[in-house]
$ cat coords15.pdb   # PDB, C-alpha atoms (C1' of nucleotides) and all ligand atoms
ATOM      1  CA  MET A   1      71.730 120.389  82.185
ATOM      2  CA  ARG A   2      71.197 124.075  82.306
ATOM      3  CA  TYR A   3      73.053 126.754  80.434
ATOM      4  CA  SER A   4      76.231 128.413  81.697
ATOM      5  CA  ARG A   5      78.342 131.138  80.127
ATOM      6  CA  GLN A   6      81.504 129.308  81.102
ATOM      7  CA  ARG A   7      80.516 126.066  79.384
ATOM      8  CA  GLU A   8      79.578 127.932  76.218
ATOM      9  CA  LEU A   9      82.967 129.647  76.186
ATOM     10  CA  ILE A  10      84.845 126.393  76.848
ATOM     11  CA  LEU A  11      83.111 124.633  73.972
ATOM     12  CA  GLU A  12      83.755 127.588  71.677
ATOM     13  CA  ILE A  13      87.466 127.472  72.512
ATOM     14  CA  VAL A  14      87.775 123.748  71.806
ATOM     15  CA  MET A  15      85.791 124.155  68.572
ATOM     16  CA  GLY A  16      88.099 126.921  67.472
ATOM     17  CA  THR A  17      91.406 125.068  67.469
ATOM     18  CA  ASP A  18      93.003 122.076  65.776
ATOM     19  CA  SER A  19      95.693 121.880  68.431
ATOM     20  CA  HIS A  20      94.089 119.137  70.578
ATOM     21  CA  PRO A  21      94.293 121.319  73.688
ATOM     22  CA  THR A  22      94.715 120.279  77.313
ATOM     23  CA  ALA A  23      92.420 121.492  80.086
ATOM     24  CA  ASP A  24      95.046 123.940  81.190
ATOM     25  CA  TRP A  25      95.448 125.434  77.713
ATOM     26  CA  VAL A  26      91.689 125.900  77.480
ATOM     27  CA  PHE A  27      91.778 127.525  80.911
ATOM     28  CA  GLN A  28      94.473 129.999  79.827
ATOM     29  CA  GLN A  29      92.461 130.976  76.756
ATOM     30  CA  ALA A  30      89.193 131.195  78.661
ATOM     31  CA  ARG A  31      90.477 133.516  81.363
ATOM     32  CA  LYS A  32      91.432 136.081  78.721
ATOM     33  CA  GLN A  33      87.738 136.624  78.080
ATOM     34  CA  MET A  34      86.462 135.655  81.520
ATOM     35  CA  PRO A  35      89.150 136.363  84.115
ATOM     36  CA  GLU A  36      87.224 134.945  87.077
ATOM     37  CA  ILE A  37      86.701 131.471  85.542
ATOM     38  CA  SER A  38      88.274 128.666  87.586
ATOM     39  CA  LEU A  39      90.352 125.704  86.479
ATOM     40  CA  GLY A  40      87.967 123.281  88.178
ATOM     41  CA  THR A  41      85.126 124.610  86.064
ATOM     42  CA  VAL A  42      87.136 123.982  82.925
ATOM     43  CA  TYR A  43      87.885 120.402  83.957
ATOM     44  CA  ARG A  44      84.297 119.735  85.002
ATOM     45  CA  ASN A  45      82.831 121.077  81.783
ATOM     46  CA  LEU A  46      85.322 119.456  79.444
ATOM     47  CA  LYS A  47      84.478 116.150  81.050
ATOM     48  CA  ARG A  48      80.795 116.839  80.695
ATOM     49  CA  LEU A  49      81.140 117.927  77.077
ATOM     50  CA  ALA A  50      83.000 114.679  76.441
ATOM     51  CA  THR A  51      80.302 112.457  77.968
ATOM     52  CA  ASN A  52      77.651 114.462  76.102
ATOM     53  CA  GLY A  53      79.460 113.734  72.871
ATOM     54  CA  ASN A  54      80.329 117.332  72.075
ATOM     55  CA  VAL A  55      84.063 116.732  72.133
ATOM     56  CA  ARG A  56      86.266 113.685  72.304
ATOM     57  CA  THR A  57      89.174 112.913  74.577
ATOM     58  CA  ILE A  58      92.660 111.805  73.631
ATOM     59  CA  ASN A  59      95.190 110.337  76.045
ATOM     60  CA  ASP A  60      98.537 111.886  75.267
ATOM     61  CA  GLY A  61     100.860 109.964  77.535
ATOM     62  CA  THR A  62      99.833 111.062  80.978
ATOM     63  CA  VAL A  63      97.700 114.093  80.074
ATOM     64  CA  VAL A  64      94.245 114.325  78.551
ATOM     65  CA  ARG A  65      93.634 116.367  75.422
ATOM     66  CA  TYR A  66      90.388 117.334  73.760
ATOM     67  CA  ASP A  67      89.369 117.194  70.126
ATOM     68  CA  TRP A  68      86.248 118.704  68.558
ATOM     69  CA  ASP A  69      86.526 116.254  65.641
ATOM     70  CA  GLN A  70      84.263 113.304  66.367
ATOM     71  CA  GLU A  71      85.090 111.400  63.187
ATOM     72  CA  PRO A  72      87.062 108.249  63.955
ATOM     73  CA  HIS A  73      90.673 109.162  63.336
ATOM     74  CA  ASP A  74      94.087 108.740  64.897
ATOM     75  CA  HIS A  75      97.047 110.935  65.729
ATOM     76  CA  LEU A  76     100.655 111.359  64.811
ATOM     77  CA  LYS A  77     102.709 112.628  67.722
ATOM     78  CA  CYS A  78     105.990 114.297  66.936
ATOM     79  CA  LYS A  79     108.613 113.422  69.532
ATOM     80  CA  ILE A  80     110.482 116.644  68.756
ATOM     81  CA  CYS A  81     107.824 119.357  68.871
ATOM     82  CA  GLY A  82     105.141 117.363  70.691
ATOM     83  CA  ASP A  83     102.454 118.352  68.169
ATOM     84  CA  LEU A  84      99.554 116.021  67.509
ATOM     85  CA  MET A  85      98.313 115.838  63.938
ATOM     86  CA  ASP A  86      95.281 114.069  62.551
ATOM     87  CA  VAL A  87      95.584 110.965  60.426
ATOM     88  CA  HIS A  88      92.862 108.876  58.854
ATOM     89  CA  LEU A  89      93.620 105.249  58.207
ATOM     90  CA  LEU A  90      92.386 101.692  58.197
ATOM     91  CA  GLU A  91      90.010 102.193  61.100
ATOM     92  CA  GLU A  92      87.426  99.822  59.651
ATOM     93  CA  ASP A  93      89.972  97.139  58.783
ATOM     94  CA  ILE A  94      91.230  97.188  62.350
ATOM     95  CA  ARG A  95      87.768  96.886  63.853
ATOM     96  CA  LYS A  96      86.775  94.064  61.545
ATOM     97  CA  SER A  97      89.985  92.143  62.083
ATOM     98  CA  VAL A  98      89.770  92.389  65.869
ATOM     99  CA  ARG A  99      86.136  91.357  65.941
ATOM    100  CA  GLU A 100      86.770  88.320  63.787
ATOM    101  CA  LYS A 101      90.112  87.132  65.082
ATOM    102  CA  TYR A 102      89.776  87.903  68.775
ATOM    103  CA  ASN A 103      86.036  87.821  69.447
ATOM    104  CA  PHE A 104      86.348  91.274  70.992
ATOM    105  CA  GLU A 105      83.546  93.809  70.618
ATOM    106  CA  VAL A 106      85.206  97.080  69.584
ATOM    107  CA  ASP A 107      83.954 100.424  70.843
ATOM    108  CA  ASP A 108      86.885 102.607  70.035
ATOM    109  CA  VAL A 109      90.344 102.456  68.553
ATOM    110  CA  GLU A 110      92.934 104.717  70.135
ATOM    111  CA  MET A 111      96.069 104.931  68.067
ATOM    112  CA  THR A 112      98.996 107.270  68.474
ATOM    113  CA  ILE A 113     101.855 107.014  66.053
ATOM    114  CA  ILE A 114     105.085 108.399  67.436
ATOM    115  CA  GLY A 115     107.820 109.759  65.249
ATOM    116  CA  THR A 116     109.184 112.865  63.604
ATOM    117  CA  CYS A 117     106.999 115.261  61.673
ATOM    118  CA  ASN A 118     107.973 116.873  58.395
ATOM    119  CA  LYS A 119     108.739 120.213  60.068
ATOM    120  CA  HIS A 120     112.044 118.616  61.077
ATOM    121  CA  ASN A 121     112.967 117.255  57.661
ATOM    122  CA  THR A 122     116.639 116.528  57.185
ATOM    123  CA  ILE A 123     116.490 117.630  53.531
ATOM    124  CA  MET A 124     116.737 121.285  54.563
ATOM    125  CA  GLU A 125     120.062 120.732  56.268
ATOM    126  CA  GLU A 126     121.680 119.394  53.105
ATOM    127  CA  LYS A 127     122.845 122.851  51.959
TER     128      LYS A 127
ATOM    129  CA  MET B   1     125.151 100.543  85.691
ATOM    130  CA  ARG B   2     125.996  98.248  88.536
ATOM    131  CA  TYR B   3     124.039  95.364  89.899
ATOM    132  CA  SER B   4     121.344  95.632  92.523
ATOM    133  CA  ARG B   5     119.227  92.925  94.150
ATOM    134  CA  GLN B   6     116.131  95.097  93.867
ATOM    135  CA  ARG B   7     116.512  95.655  90.112
ATOM    136  CA  GLU B   8     116.985  91.945  89.538
ATOM    137  CA  LEU B   9     113.811  91.198  91.484
ATOM    138  CA  ILE B  10     111.835  93.888  89.663
ATOM    139  CA  LEU B  11     112.832  92.545  86.258
ATOM    140  CA  GLU B  12     112.034  89.011  87.336
ATOM    141  CA  ILE B  13     108.548  90.083  88.418
ATOM    142  CA  VAL B  14     107.798  91.841  85.128
ATOM    143  CA  MET B  15     109.157  88.894  83.171
ATOM    144  CA  GLY B  16     106.931  86.550  85.124
ATOM    145  CA  THR B  17     103.538  87.984  84.262
ATOM    146  CA  ASP B  18     101.400  88.664  81.200
ATOM    147  CA  SER B  19      99.235  91.134  83.105
ATOM    148  CA  HIS B  20     100.979  94.320  81.926
ATOM    149  CA  PRO B  21     101.566  95.441  85.511
ATOM    150  CA  THR B  22     101.759  98.960  86.917
ATOM    151  CA  ALA B  23     104.636 100.160  89.104
ATOM    152  CA  ASP B  24     102.466  99.792  92.159
ATOM    153  CA  TRP B  25     101.541  96.195  91.355
ATOM    154  CA  VAL B  26     105.211  95.345  90.884
ATOM    155  CA  PHE B  27     105.926  97.035  94.221
ATOM    156  CA  GLN B  28     103.274  94.958  96.015
ATOM    157  CA  GLN B  29     104.757  91.747  94.612
ATOM    158  CA  ALA B  30     108.325  92.797  95.312
ATOM    159  CA  ARG B  31     107.765  93.623  98.968
ATOM    160  CA  LYS B  32     106.555  90.086  99.600
ATOM    161  CA  GLN B  33     110.098  88.884  98.969
ATOM    162  CA  MET B  34     111.902  92.049  99.998
ATOM    163  CA  PRO B  35     109.812  93.931 102.579
ATOM    164  CA  GLU B  36     112.122  96.935 102.853
ATOM    165  CA  ILE B  37     112.070  97.797  99.125
ATOM    166  CA  SER B  38     110.693 101.252  98.409
ATOM    167  CA  LEU B  39     108.207 102.404  95.813
ATOM    168  CA  GLY B  40     110.631 104.994  94.482
ATOM    169  CA  THR B  41     113.133 102.250  93.760
ATOM    170  CA  VAL B  42     110.522 100.362  91.774
ATOM    171  CA  TYR B  43     109.685 103.432  89.704
ATOM    172  CA  ARG B  44     113.324 104.307  89.157
ATOM    173  CA  ASN B  45     114.278 100.816  88.050
ATOM    174  CA  LEU B  46     111.261 100.205  85.846
ATOM    175  CA  LYS B  47     112.102 103.407  84.026
ATOM    176  CA  ARG B  48     115.687 102.371  83.690
ATOM    177  CA  LEU B  49     114.793  98.893  82.479
ATOM    178  CA  ALA B  50     112.574 100.558  79.876
ATOM    179  CA  THR B  51     115.308 102.856  78.539
ATOM    180  CA  ASN B  52     117.725  99.915  78.529
ATOM    181  CA  GLY B  53     115.281  98.008  76.362
ATOM    182  CA  ASN B  54     114.577  95.254  78.882
ATOM    183  CA  VAL B  55     110.884  96.037  79.128
ATOM    184  CA  ARG B  56     108.501  98.255  77.243
ATOM    185  CA  THR B  57     106.019 100.801  78.510
ATOM    186  CA  ILE B  58     102.341 101.072  77.722
ATOM    187  CA  ASN B  59     100.197 104.100  78.448
ATOM    188  CA  ASP B  60      96.915 102.859  79.823
ATOM    189  CA  GLY B  61      94.904 106.039  80.063
ATOM    190  CA  THR B  62      96.662 107.995  82.743
ATOM    191  CA  VAL B  63      98.837 105.225  84.225
ATOM    192  CA  VAL B  64     101.951 103.522  82.886
ATOM    193  CA  ARG B  65     102.110  99.761  82.546
ATOM    194  CA  TYR B  66     105.054  97.554  81.717
ATOM    195  CA  ASP B  67     105.351  94.693  79.267
ATOM    196  CA  TRP B  68     108.243  92.251  78.940
ATOM    197  CA  ASP B  69     107.185  91.491  75.355
ATOM    198  CA  GLN B  70     109.278  93.649  73.036
ATOM    199  CA  GLU B  71     107.700  92.438  69.810
ATOM    200  CA  PRO B  72     105.667  95.199  68.163
ATOM    201  CA  HIS B  73     102.095  94.516  69.167
ATOM    202  CA  ASP B  74      99.001  96.317  70.394
ATOM    203  CA  HIS B  75      96.467  95.898  73.165
ATOM    204  CA  LEU B  76      92.806  95.279  73.611
ATOM    205  CA  LYS B  77      91.462  96.958  76.729
ATOM    206  CA  CYS B  78      88.229  95.625  78.156
ATOM    207  CA  LYS B  79      86.079  98.442  79.501
ATOM    208  CA  ILE B  80      84.379  96.014  81.894
ATOM    209  CA  CYS B  81      87.234  94.179  83.607
ATOM    210  CA  GLY B  82      90.047  96.574  82.629
ATOM    211  CA  ASP B  83      92.266  93.736  81.409
ATOM    212  CA  LEU B  84      94.776  94.360  78.662
ATOM    213  CA  MET B  85      95.307  91.578  76.149
ATOM    214  CA  ASP B  86      97.857  91.306  73.383
ATOM    215  CA  VAL B  87      96.893  91.616  69.743
ATOM    216  CA  HIS B  88      99.067  91.426  66.662
ATOM    217  CA  LEU B  89      97.902  93.257  63.588
ATOM    218  CA  LEU B  90      98.790  95.337  60.583
ATOM    219  CA  GLU B  91     101.703  97.089  62.232
ATOM    220  CA  GLU B  92     103.731  97.180  59.013
ATOM    221  CA  ASP B  93     100.834  98.396  56.891
ATOM    222  CA  ILE B  94     100.280 101.256  59.297
ATOM    223  CA  ARG B  95     103.910 102.306  59.293
ATOM    224  CA  LYS B  96     104.156 102.160  55.524
ATOM    225  CA  SER B  97     100.957 104.064  54.951
ATOM    226  CA  VAL B  98     101.903 106.852  57.366
ATOM    227  CA  ARG B  99     105.371 107.219  55.901
ATOM    228  CA  GLU B 100     104.044 107.464  52.379
ATOM    229  CA  LYS B 101     100.915 109.515  52.853
ATOM    230  CA  TYR B 102     102.016 111.893  55.613
ATOM    231  CA  ASN B 103     105.774 112.153  55.229
ATOM    232  CA  PHE B 104     106.093 111.249  58.897
ATOM    233  CA  GLU B 105     109.003 109.163  60.113
ATOM    234  CA  VAL B 106     107.513 106.467  62.364
ATOM    235  CA  ASP B 107     109.301 105.261  65.485
ATOM    236  CA  ASP B 108     106.492 103.529  67.265
ATOM    237  CA  VAL B 109     102.806 102.774  66.933
ATOM    238  CA  GLU B 110     100.783 102.801  70.140
ATOM    239  CA  MET B 111      97.348 101.354  69.678
ATOM    240  CA  THR B 112      94.776 100.507  72.288
ATOM    241  CA  ILE B 113      91.486  99.058  71.166
ATOM    242  CA  ILE B 114      88.716  99.587  73.678
ATOM    243  CA  GLY B 115      85.733  97.310  73.933
ATOM    244  CA  THR B 116      84.335  94.238  75.617
ATOM    245  CA  CYS B 117      86.313  91.038  75.926
ATOM    246  CA  ASN B 118      84.877  87.586  75.419
ATOM    247  CA  LYS B 119      84.709  86.901  79.161
ATOM    248  CA  HIS B 120      81.535  89.007  79.109
ATOM    249  CA  ASN B 121      79.881  87.329  76.165
ATOM    250  CA  THR B 122      76.117  87.743  76.001
ATOM    251  CA  ILE B 123      75.691  84.227  74.523
ATOM    252  CA  MET B 124      75.996  82.702  77.998
ATOM    253  CA  GLU B 125      72.985  84.624  79.251
ATOM    254  CA  GLU B 126      70.678  83.218  76.587
ATOM    255  CA  LYS B 127      69.671  80.241  78.766
TER     256      LYS B 127
ATOM    257  C1'  DA C   1     140.122  90.670 103.669
ATOM    258  C1'  DA C   2     140.142  95.712 104.530
ATOM    259  C1'  DT C   3     139.708 100.367 102.077
ATOM    260  C1'  DA C   4     138.167 103.684  98.944
ATOM    261  C1'  DA C   5     135.168 105.424  95.466
ATOM    262  C1'  DT C   6     130.689 106.096  94.105
ATOM    263  C1'  DA C   7     126.305 104.108  92.371
ATOM    264  C1'  DA C   8     121.935 102.726  94.295
ATOM    265  C1'  DT C   9     118.620 102.633  97.944
ATOM    266  C1'  DA C  10     114.964 103.995 101.573
ATOM    267  C1'  DG C  11     112.082 107.198 103.128
ATOM    268  C1'  DG C  12     109.929 111.161 102.684
ATOM    269  C1'  DA C  13     108.904 115.603 100.448
ATOM    270  C1'  DA C  14     107.557 117.733  96.199
ATOM    271  C1'  DT C  15     105.169 118.023  91.780
ATOM    272  C1'  DC C  16     101.667 117.651  88.342
ATOM    273  C1'  DA C  17      97.281 116.571  86.558
ATOM    274  C1'  DT C  18      92.913 115.864  88.026
ATOM    275  C1'  DT C  19      88.890 115.391  91.222
ATOM    276  C1'  DA C  20      86.231 116.482  95.414
ATOM    277  C1'  DT C  21      84.168 119.698  98.757
ATOM    278  C1'  DT C  22      81.449 123.524 100.010
ATOM    279  C1'  DA C  23      79.811 128.135 100.516
ATOM    280  C1'  DT C  24      78.106 131.344  97.201
ATOM    281  C1'  DT C  25      76.177 132.693  92.792
ATOM    282  C1'  DT C  26      73.094 132.188  88.921
ATOM    283  C1'  DA C  27      69.759 130.190  85.635
ATOM    284  C1'  DT C  28      65.121 128.692  85.440
ATOM    285  C1'  DT C  29      60.352 128.485  86.479
ATOM    286  C1'  DG C  30      55.951 129.843  88.473
TER     287       DG C  30
ATOM    288  C1'  DC D   1      60.006 138.842  92.162
ATOM    289  C1'  DA D   2      60.860 134.721  94.980
ATOM    290  C1'  DA D   3      61.885 129.836  95.345
ATOM    291  C1'  DT D   4      64.591 126.020  93.789
ATOM    292  C1'  DA D   5      68.356 123.660  92.511
ATOM    293  C1'  DA D   6      72.155 123.445  89.334
ATOM    294  C1'  DA D   7      76.672 125.542  88.436
ATOM    295  C1'  DT D   8      80.525 128.147  89.964
ATOM    296  C1'  DA D   9      84.908 129.837  92.481
ATOM    297  C1'  DA D  10      88.131 128.825  95.656
ATOM    298  C1'  DT D  11      90.600 125.657  97.721
ATOM    299  C1'  DA D  12      91.650 121.128  99.713
ATOM    300  C1'  DA D  13      92.456 116.417  98.551
ATOM    301  C1'  DT D  14      94.051 112.651  95.680
ATOM    302  C1'  DG D  15      96.892 109.567  92.873
ATOM    303  C1'  DA D  16     100.687 108.723  90.097
ATOM    304  C1'  DT D  17     105.180 109.827  89.575
ATOM    305  C1'  DT D  18     109.559 112.265  90.379
ATOM    306  C1'  DC D  19     112.955 114.442  93.281
ATOM    307  C1'  DC D  20     116.054 114.904  97.377
ATOM    308  C1'  DT D  21     119.453 113.338 100.569
ATOM    309  C1'  DA D  22     121.525 110.756 104.206
ATOM    310  C1'  DT D  23     122.744 106.002 104.414
ATOM    311  C1'  DT D  24     123.971 101.481 102.419
ATOM    312  C1'  DA D  25     125.797  98.271  99.042
ATOM    313  C1'  DT D  26     128.591  97.089  95.059
ATOM    314  C1'  DT D  27     132.832  97.054  92.705
ATOM    315  C1'  DA D  28     137.610  98.027  92.180
ATOM    316  C1'  DT D  29     142.022  98.377  94.475
ATOM    317  C1'  DT D  30     145.391  97.513  97.812
TER     318       DT D  30
HETATM  319 MN    MN E 201      92.290 114.866  66.066
HETATM  320 MN    MN E 202     101.538  93.251  75.559
HETATM  321 ZN    ZN E 203     107.497 118.061  64.940
HETATM  322 ZN    ZN E 204      86.691  91.887  80.169
END
$ encode --input "coords15.pdb" --output "structure tokens" --more "lines below"
Ligand SMILES: [Mn+2]
Ligand SMILES: [Mn+2]
Ligand SMILES: [Zn+2]
Ligand SMILES: [Zn+2]
Amino acid sequence: MRYSRQRELILEIVMGTDSHPTADWVFQQARKQMPEISLGTVYRNLKRLATNGNVRTINDGTVVRYDWDQEPHDHLKCKICGDLMDVHLLEEDIRKSVREKYNFEVDDVEMTIIGTCNKHNTIMEEK
Amino acid sequence: MRYSRQRELILEIVMGTDSHPTADWVFQQARKQMPEISLGTVYRNLKRLATNGNVRTINDGTVVRYDWDQEPHDHLKCKICGDLMDVHLLEEDIRKSVREKYNFEVDDVEMTIIGTCNKHNTIMEEK
DNA sequence: AATAATAATAGGAATCATTATTATTTATTG
DNA sequence: CAATAAATAATAATGATTCCTATTATTATT
């Protein structure tokens, strides 16, 4: 795979955020620095970066998000603000348990925990 | 909400399978018994049955599947045959841990474990 | 049973995220 | 610098799902 300015920029953008961005968000950022870049190029390169192991993909309902953090971890999704936040738990227990109980060879655990994040705490309203 | 023959059929089809069907699969089954039913009707009613709590939805990558089983449980997805199978594990531990450690109010845990199911066991090939 | 009120449907258009196509541009190599 | 082929930009196509609207079916009322 040979070098391209657009791929370098795309990777830099994903590396520079914790927001688990979509292809379209990356595209909006990228065109600020490179106005002629096309959305197809962003999709193509994000996919390639994912198969190369430079970034990882997250399925957020019906859209795909990208995450520079390759460590096995899961996500909390706030149903109010839609934010995804990282959470590290029990990954190894889950893998072990599934292997032993279900005879299923685990590659990857995808967990999204849906709820309400602490930005929307009810405590504040108790004035 | 008033009765409709098509909604009754749609629910019956979802209730009658463990395959975690998509809207399109339900549509294909439904039209065998009711050839004039439309795909939009299937989508509309599956969504309604889900909000009514008659069925639950599963995000399988980019497509939505439906599950009659309302018990909290997770799914193993085989990367070879694409099948989804039910798995029951640790749900309460996960909820508790997230509440305590992250101050995040949990509504629902969505977990998909990706790997290879035992239909593709390598033991069989060791002849 | 006929009538009225209106919820639900069929069929098709529209939308949204993503992928495919292709002519043109660009990185790489001798 | 020229040749080669990989990557891009622009745009068309796709697939899943939702939306629109004229027509039909269900339910309540005479
Ligand atoms: Mn993450
Ligand atoms: Mn299930
Ligand atoms: Zn929030
Ligand atoms: Zn399998």
$ residues_near_ligand --input "coords15.pdb" --ligand "ligand MN 202 (chain E)" --cutoff "8 Å" --atoms "only C-alpha atoms (C1' of nucleotides) and all ligand atoms" --output "MDAnalysis selection string"
chainID B and resid 18 20 67:69 73:75 84:87
$ resolve_selection --input "coords15.pdb" --expression "the PyMOL selection byres ((chain C) within 12 of (chain A))" --output "compact mmCIF listing (two decimals) with C-alpha atoms (C1' of nucleotides), in the coordinates of the input"
# COMPACT_ATOMS: atom_id res chain seq x y z
C1' DC C 16 101.67 117.65 88.34
C1' DA C 17 97.28 116.57 86.56
C1' DT C 18 92.91 115.86 88.03
C1' DT C 19 88.89 115.39 91.22
C1' DA C 20 86.23 116.48 95.41
C1' DT C 21 84.17 119.70 98.76
C1' DT C 25 76.18 132.69 92.79
C1' DT C 26 73.09 132.19 88.92
C1' DA C 27 69.76 130.19 85.64
C1' DT C 28 65.12 128.69 85.44
$ residues_around --input "coords15.pdb" --residues "Glu110 (chain A)" --least-positions-apart "4" --cutoff "7 Å" --atoms "all atoms listed in the file" --output "list in words"
Asp74 of chain A; Met111, Thr112 and Ile113 of chain B
$ interface_residues --input "coords15.pdb" --of "chain B" --to "chain A" --cutoff "12 Å" --atoms "only C-alpha atoms" --output "mmCIF file with C-alpha atoms, in the coordinates of the input"
data_model
loop_
_atom_site.group_PDB
_atom_site.id
_atom_site.type_symbol
_atom_site.label_atom_id
_atom_site.label_comp_id
_atom_site.auth_asym_id
_atom_site.auth_seq_id
_atom_site.Cartn_x
_atom_site.Cartn_y
_atom_site.Cartn_z
ATOM 1 C CA THR B 57 106.019 100.801 78.510
ATOM 2 C CA ILE B 58 102.341 101.072 77.722
ATOM 3 C CA ASN B 59 100.197 104.100 78.448
ATOM 4 C CA ASP B 60 96.915 102.859 79.823
ATOM 5 C CA GLY B 61 94.904 106.039 80.063
ATOM 6 C CA THR B 62 96.662 107.995 82.743
ATOM 7 C CA VAL B 63 98.837 105.225 84.225
ATOM 8 C CA VAL B 64 101.951 103.522 82.886
ATOM 9 C CA ARG B 65 102.110 99.761 82.546
ATOM 10 C CA ASP B 74 99.001 96.317 70.394
ATOM 11 C CA HIS B 75 96.467 95.898 73.165
ATOM 12 C CA LEU B 76 92.806 95.279 73.611
ATOM 13 C CA LYS B 77 91.462 96.958 76.729
ATOM 14 C CA CYS B 78 88.229 95.625 78.156
ATOM 15 C CA LYS B 79 86.079 98.442 79.501
ATOM 16 C CA ILE B 80 84.379 96.014 81.894
ATOM 17 C CA LEU B 84 94.776 94.360 78.662
ATOM 18 C CA MET B 85 95.307 91.578 76.149
ATOM 19 C CA ASP B 86 97.857 91.306 73.383
ATOM 20 C CA VAL B 87 96.893 91.616 69.743
ATOM 21 C CA HIS B 88 99.067 91.426 66.662
ATOM 22 C CA LEU B 89 97.902 93.257 63.588
ATOM 23 C CA LEU B 90 98.790 95.337 60.583
ATOM 24 C CA GLU B 91 101.703 97.089 62.232
ATOM 25 C CA ASP B 93 100.834 98.396 56.891
ATOM 26 C CA ILE B 94 100.280 101.256 59.297
ATOM 27 C CA ARG B 95 103.910 102.306 59.293
ATOM 28 C CA LYS B 96 104.156 102.160 55.524
ATOM 29 C CA SER B 97 100.957 104.064 54.951
ATOM 30 C CA VAL B 98 101.903 106.852 57.366
ATOM 31 C CA ARG B 99 105.371 107.219 55.901
ATOM 32 C CA GLU B 100 104.044 107.464 52.379
ATOM 33 C CA LYS B 101 100.915 109.515 52.853
ATOM 34 C CA TYR B 102 102.016 111.893 55.613
ATOM 35 C CA ASN B 103 105.774 112.153 55.229
ATOM 36 C CA PHE B 104 106.093 111.249 58.897
ATOM 37 C CA GLU B 105 109.003 109.163 60.113
ATOM 38 C CA VAL B 106 107.513 106.467 62.364
ATOM 39 C CA ASP B 107 109.301 105.261 65.485
ATOM 40 C CA ASP B 108 106.492 103.529 67.265
ATOM 41 C CA VAL B 109 102.806 102.774 66.933
ATOM 42 C CA GLU B 110 100.783 102.801 70.140
ATOM 43 C CA MET B 111 97.348 101.354 69.678
ATOM 44 C CA THR B 112 94.776 100.507 72.288
ATOM 45 C CA ILE B 113 91.486 99.058 71.166
ATOM 46 C CA ILE B 114 88.716 99.587 73.678
ATOM 47 C CA GLY B 115 85.733 97.310 73.933
ATOM 48 C CA THR B 116 84.335 94.238 75.617
ATOM 49 C CA CYS B 117 86.313 91.038 75.926
ATOM 50 C CA ASN B 118 84.877 87.586 75.419
ATOM 51 C CA LYS B 119 84.709 86.901 79.161
ATOM 52 C CA HIS B 120 81.535 89.007 79.109
ATOM 53 C CA ASN B 121 79.881 87.329 76.165
ATOM 54 C CA THR B 122 76.117 87.743 76.001
#
$ atom_distance --input "coords15.pdb" --atom1 "C1' of DT18 (chain D)" --atom2 "CA of Arg56 (chain B)"
19.2 Å
$ interface_residues --input "coords15.pdb" --of "chain D" --to "chain A" --cutoff "8 Å" --atoms "only C-alpha atoms (C1' of nucleotides)" --output "number ranges by chain"
D: 6-9
$ resolve_selection --input "coords15.pdb" --expression "the PyMOL selection byres (((chain B and resi 46) around 8) and not hetatm)" --output "MDAnalysis selection string"
chainID B and resid 10:11 23 42:45 47:50 55 66
$ residues_near_point --input "coords15.pdb" --point "(118.5, 112.6, 96.5)" --cutoff "12 Å" --atoms "all atoms listed in the file" --output "number ranges by chain"
B: 40-41; C: 8-13; D: 18-23
$ atom_distance --input "coords15.pdb" --atom1 "CA of Met15 (chain B)" --atom2 "CA of Cys81 (chain B)"
22.6 Å
$ atom_distance --input "coords15.pdb" --atom1 "CA of Gln29 (chain B)" --atom2 "C1' of DT27 (chain D)"
28.6 Å
$ resolve_selection --input "coords15.pdb" --expression "the PyMOL selection byres (((chain D and resi 3) around 12) and not hetatm)" --output "CSV table (one decimal) with C-alpha atoms (C1' of nucleotides), keeping the file's coordinate frame"
chain,number,residue,atom,x,y,z
C,28,DT,C1',65.1,128.7,85.4
C,29,DT,C1',60.4,128.5,86.5
C,30,DG,C1',56.0,129.8,88.5
D,1,DC,C1',60.0,138.8,92.2
D,2,DA,C1',60.9,134.7,95.0
D,4,DT,C1',64.6,126.0,93.8
D,5,DA,C1',68.4,123.7,92.5
$ decode --input "coords15.pdb" --residues "region 30-43 of chain A" --atoms "C-alpha atoms" --output "PDB file, in the first residue's frame"
ATOM      1  CA  ALA A  30     -10.602  16.519   6.992  1.00  0.00           C
ATOM      2  CA  ARG A  31     -12.052  18.952   4.478  1.00  0.00           C
ATOM      3  CA  LYS A  32     -11.093  21.865   6.729  1.00  0.00           C
ATOM      4  CA  GLN A  33      -7.460  21.104   5.971  1.00  0.00           C
ATOM      5  CA  MET A  34      -7.960  19.509   2.564  1.00  0.00           C
ATOM      6  CA  PRO A  35     -11.083  20.944   0.938  1.00  0.00           C
ATOM      7  CA  GLU A  36     -10.969  18.733  -2.159  1.00  0.00           C
ATOM      8  CA  ILE A  37     -10.979  15.415  -0.238  1.00  0.00           C
ATOM      9  CA  SER A  38     -13.988  13.216  -1.041  1.00  0.00           C
ATOM     10  CA  LEU A  39     -16.276  11.270   1.259  1.00  0.00           C
ATOM     11  CA  GLY A  40     -15.582   8.046  -0.632  1.00  0.00           C
ATOM     12  CA  THR A  41     -11.890   8.423   0.099  1.00  0.00           C
ATOM     13  CA  VAL A  42     -12.631   8.769   3.790  1.00  0.00           C
ATOM     14  CA  TYR A  43     -14.768   5.626   3.795  1.00  0.00           C
TER      15      TYR A  43
END
